[in-house]
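A.B. asks: The structure that follows is given in the form of structure tokens.
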Amino acid sequence: MAIDHLYKSISNLKFSDDQWIKLINIKFVPSEIIQNPLCEESKETLEFGSFSVLCFQKYKDVCWSKRHFFEKNVEPTDSFCKRDPGIGIPSPKDIIEHWSFVVKNIESIFGQDHSEAKRVIEEIYKIMNKKVEESEELKIDNKEALFLNGDDPFDKKCWVAGSKLAFGIQENTKARDEVIDFLAHYKTLLLRAGAKEVDDDYINEYKRSEKLSQKDELFKKLLKFISHENKHHDVTFVVGKEEISANRYVLSAASNHFEMVFCDLNKTEIRVEKEKNIQPHTIRVFLRWLYGEEEAINEENFKEGKEYYTDYLTFLVDLLKVADNYDVELLKNEVEDVIISGRHIKVHNVNKILNCLKECKAPALKLKECCEKFKEDNSELCG
């Protein structure tokens, strides 16, 4: 067959441009004309068609009223189409005219087959959206009702012109209807057909106010209150001759121990036992930690503590006793970690730490084990 020979030999046939134009306009290719793709009986085989006007079968949904098609068994091969990539592809003009034809005759074409009607219309939208993206010159009639902006393709009210649609509006207006999800995928096509999009470019010029964290602001205020006498305080820690004020609500939220203590609404004073020899600085740090300032126990924040303690470790040991006394396990664990990871266990203080742990209601086991291991490993030095 001549067509088969042409396809197989195309790479060896050196056609000039003039020869090629003559070839693709010769009517010698078996073709089909489709009057309605839903009806097999409507197909008629023609004697001949030319490469320049015939389309691939895959495009029948988008142009059957305007173009004829290659018989399936004679469709051009990829190698043949390399010479002329436009072969077999319908023009935008043909698709648009077919689109208009389908919309105007939708009931006679599809009967009552809603799903098939929507499928075909969507195929047209897909290919036209791509065509519009590829060509800025391609125009779409903005007055013809070509867009299905509703569920029922057989309801004339569901068909609207592009100039009657808008993206970004939340409800229909007198001038425009909101684009439904079915159409939203074809934004480029709709905009070319006269649809509008809500302009919210003002947001690009808007400079947002500096974002302030309410949590941070609350934290700062709490620390400020705890550092000064304040009318909102309703609890007092008595440490020797010093009084340190706090708030029962904050303490109850931060510690189960204080939540139980303040079930007694008349409880307004907490006395720190003298025999424990706890310094006011330790209670202040303890409260700051409960209020959320976890860094309060760090060594770099120990400057104020030097008024009460000769060294940082003594302060940590006292803080450990306070955390134990008020059942604040998180703080106990944190202090343990600081002592151990900070290598504060030394030959001269290991026994002091162990003696302190004996006074605790619930000994810090990690610290106890580390101290005992340290003594064992350095038995000759520790005595």
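Chains: A, B, ... in order of the structure tokens. Residues: from 1 per chain. Ligands: from 1, in order shown.
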Find the residues around Gly86 (chain A) up to 12 Å (only C-alpha atoms counted), leave out those fewer than 2 positions away in its own chain, and share them as a ChimeraX atom specification.
C.D. replies: /A:24,51-56,76,78,80-84,88-92
A.B. asks: Write out as number ranges by chain which residues come within 7 Å of region 318-328 of chain A when counting only C-alpha atoms, dropping same-chain ones fewer than 2 positions away.
C.D. replies: A: 255, 257, 278, 282, 314-316, 330-332, 335, 360-362
A.B. asks: Could you save those same residues with N, CA and C atoms as an mmCIF file, in the first residue's frame?
C.D. replies:
```cif
data_model
loop_
_atom_site.group_PDB
_atom_site.id
_atom_site.type_symbol
_atom_site.label_atom_id
_atom_site.label_comp_id
_atom_site.auth_asym_id
_atom_site.auth_seq_id
_atom_site.Cartn_x
_atom_site.Cartn_y
_atom_site.Cartn_z
ATOM 1 N N SER A 255 2.766 23.745 89.598
ATOM 2 C CA SER A 255 3.191 22.663 90.495
ATOM 3 C C SER A 255 1.991 21.985 91.145
ATOM 4 N N HIS A 257 2.126 20.249 93.780
ATOM 5 C CA HIS A 257 2.264 20.447 95.226
ATOM 6 C C HIS A 257 1.519 21.712 95.657
ATOM 7 N N ILE A 278 18.124 27.298 103.582
ATOM 8 C CA ILE A 278 17.891 27.749 102.208
ATOM 9 C C ILE A 278 17.965 29.271 102.154
ATOM 10 N N THR A 282 17.785 31.418 96.390
ATOM 11 C CA THR A 282 17.353 30.129 95.849
ATOM 12 C C THR A 282 15.843 30.113 95.628
ATOM 13 N N THR A 314 26.995 24.883 95.509
ATOM 14 C CA THR A 314 26.225 24.981 96.755
ATOM 15 C C THR A 314 24.818 25.494 96.469
ATOM 16 N N PHE A 315 24.742 26.465 95.578
ATOM 17 C CA PHE A 315 23.431 26.978 95.158
ATOM 18 C C PHE A 315 22.606 25.871 94.503
ATOM 19 N N LEU A 316 23.232 25.092 93.612
ATOM 20 C CA LEU A 316 22.507 24.022 92.920
ATOM 21 C C LEU A 316 21.999 22.965 93.900
ATOM 22 N N LEU A 330 10.398 17.995 87.617
ATOM 23 C CA LEU A 330 11.080 18.512 86.424
ATOM 24 C C LEU A 330 12.305 19.332 86.795
ATOM 25 N N LEU A 331 12.165 20.153 87.825
ATOM 26 C CA LEU A 331 13.298 20.973 88.256
ATOM 27 C C LEU A 331 14.381 20.097 88.881
ATOM 28 N N LYS A 332 13.975 19.105 89.656
ATOM 29 C CA LYS A 332 14.964 18.181 90.229
ATOM 30 C C LYS A 332 15.800 17.535 89.129
ATOM 31 N N VAL A 335 18.210 20.111 87.568
ATOM 32 C CA VAL A 335 19.360 20.427 88.427
ATOM 33 C C VAL A 335 20.351 19.266 88.433
ATOM 34 N N CYS A 360 16.892 14.460 101.259
ATOM 35 C CA CYS A 360 15.770 14.588 100.319
ATOM 36 C C CYS A 360 14.712 13.526 100.569
ATOM 37 N N LYS A 361 13.456 13.909 100.361
ATOM 38 C CA LYS A 361 12.354 12.955 100.500
ATOM 39 C C LYS A 361 12.451 11.875 99.427
ATOM 40 N N ALA A 362 12.810 12.302 98.220
ATOM 41 C CA ALA A 362 12.964 11.364 97.098
ATOM 42 C C ALA A 362 14.329 11.619 96.480
#
```
A.B. asks: List as a ChimeraX atom specification the protein and nucleic acid residues near Val239 (chain A), meaning an atom at most 7 Å away when only C-alpha atoms are counted, but skip any in the same chain fewer than 6 places from it.
C.D. replies: /A:271-272,279-280
A.B. asks: Generate a file of the selected residues that holds C-alpha atoms, formatted as a PDB file, in the first residue's frame.
C.D. replies:
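This is the output file selection13.pdb:
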```pdb
ATOM      1  CA  ARG A 271       7.626  29.436 105.609  1.00  0.00           C
ATOM      2  CA  VAL A 272      10.887  27.886 104.490  1.00  0.00           C
ATOM      3  CA  GLN A 279      18.850  31.233 101.021  1.00  0.00           C
ATOM      4  CA  PRO A 280      16.347  33.812  99.658  1.00  0.00           C
TER       5      PRO A 280
END
```
A.B. asks: Which one of A:Phe167, A:Tyr202, A:Phe70, A:Phe154 sits closest to Ile180 (chain A) if you count only C-alpha atoms?
C.D. replies: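 Under the stated criterion, the closest residue is A:Phe167.
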A.B. asks: Do a neighbour search on region 345-352 of chain A at 9 Å with only C-alpha atoms, toss out local chain neighbours closer than 2 positions, and write the hits as a list in words.
C.D. replies: Leu313, Ile339, Ile340, Gly342, Arg343, Leu354, Asn355, Cys356, Leu357, Cys370, Cys371, Glu372, Phe374, Lys375, Asn378, Leu381 and Cys382 of chain A
A.B. asks: Do you know which residues are at most 8 Å from Ile106 (chain A) counting only C-alpha atoms, after dropping those on the same chain fewer than 3 positions away, and could you put them as a list in words?
C.D. replies: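 Once the adjacent positions are removed, what remains is Val102, Val103, Ile109, Phe110, Gly111, Ala117, Pro153 and Phe154 of chain A.
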A.B. asks: I'd like the interatomic distance between CA of Asp113 (chain A) and CA of Arg67 (chain A), to a tenth of an Å.
C.D. replies: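 Between CA of Asp113 (chain A) and CA of Arg67 (chain A) the gap is 23.8 Å.
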A.B. asks: Identify which of the residues A:Val238, A:Val132, A:Leu6, A:Val285 lies closest to Thr77 (chain A), counting only C-alpha atoms when measuring atom-to-atom distances.
C.D. replies: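 For Thr77 (chain A), the nearest of the candidates is A:Leu6.
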A.B. asks: So, with only C-alpha atoms as the atoms that count, which of A:Ser16, A:Ile121, A:Arg284, A:Glu242 lies closest to Gly305 (chain A)?
C.D. replies: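 Closest to Gly305 (chain A) of all the choices is A:Arg284.
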A.B. asks: Just the residues within 10 Å of region 26-36 of chain A, please, counting only C-alpha atoms, with nothing from its chain fewer than 5 positions along; format it as a VMD selection string.
C.D. replies: chain A and resid 2 to 3 21 41 to 55 57 60 to 61 63 to 75 108 to 110
A.B. asks: Out of region 234-371 of chain A, which residues get strand (DSSP E or B) from DSSP, as number ranges by chain?
C.D. replies: A: 235-239, 242-246, 269-271
A.B. asks: Report as a VMD selection string all protein, DNA and RNA residues lying within 6 Å of Ala195 (chain A), evaluated on only C-alpha atoms, omitting residues in the same chain fewer than 3 positions from it.
C.D. replies: chain A and resid 162 to 163 165 to 166 190 to 191
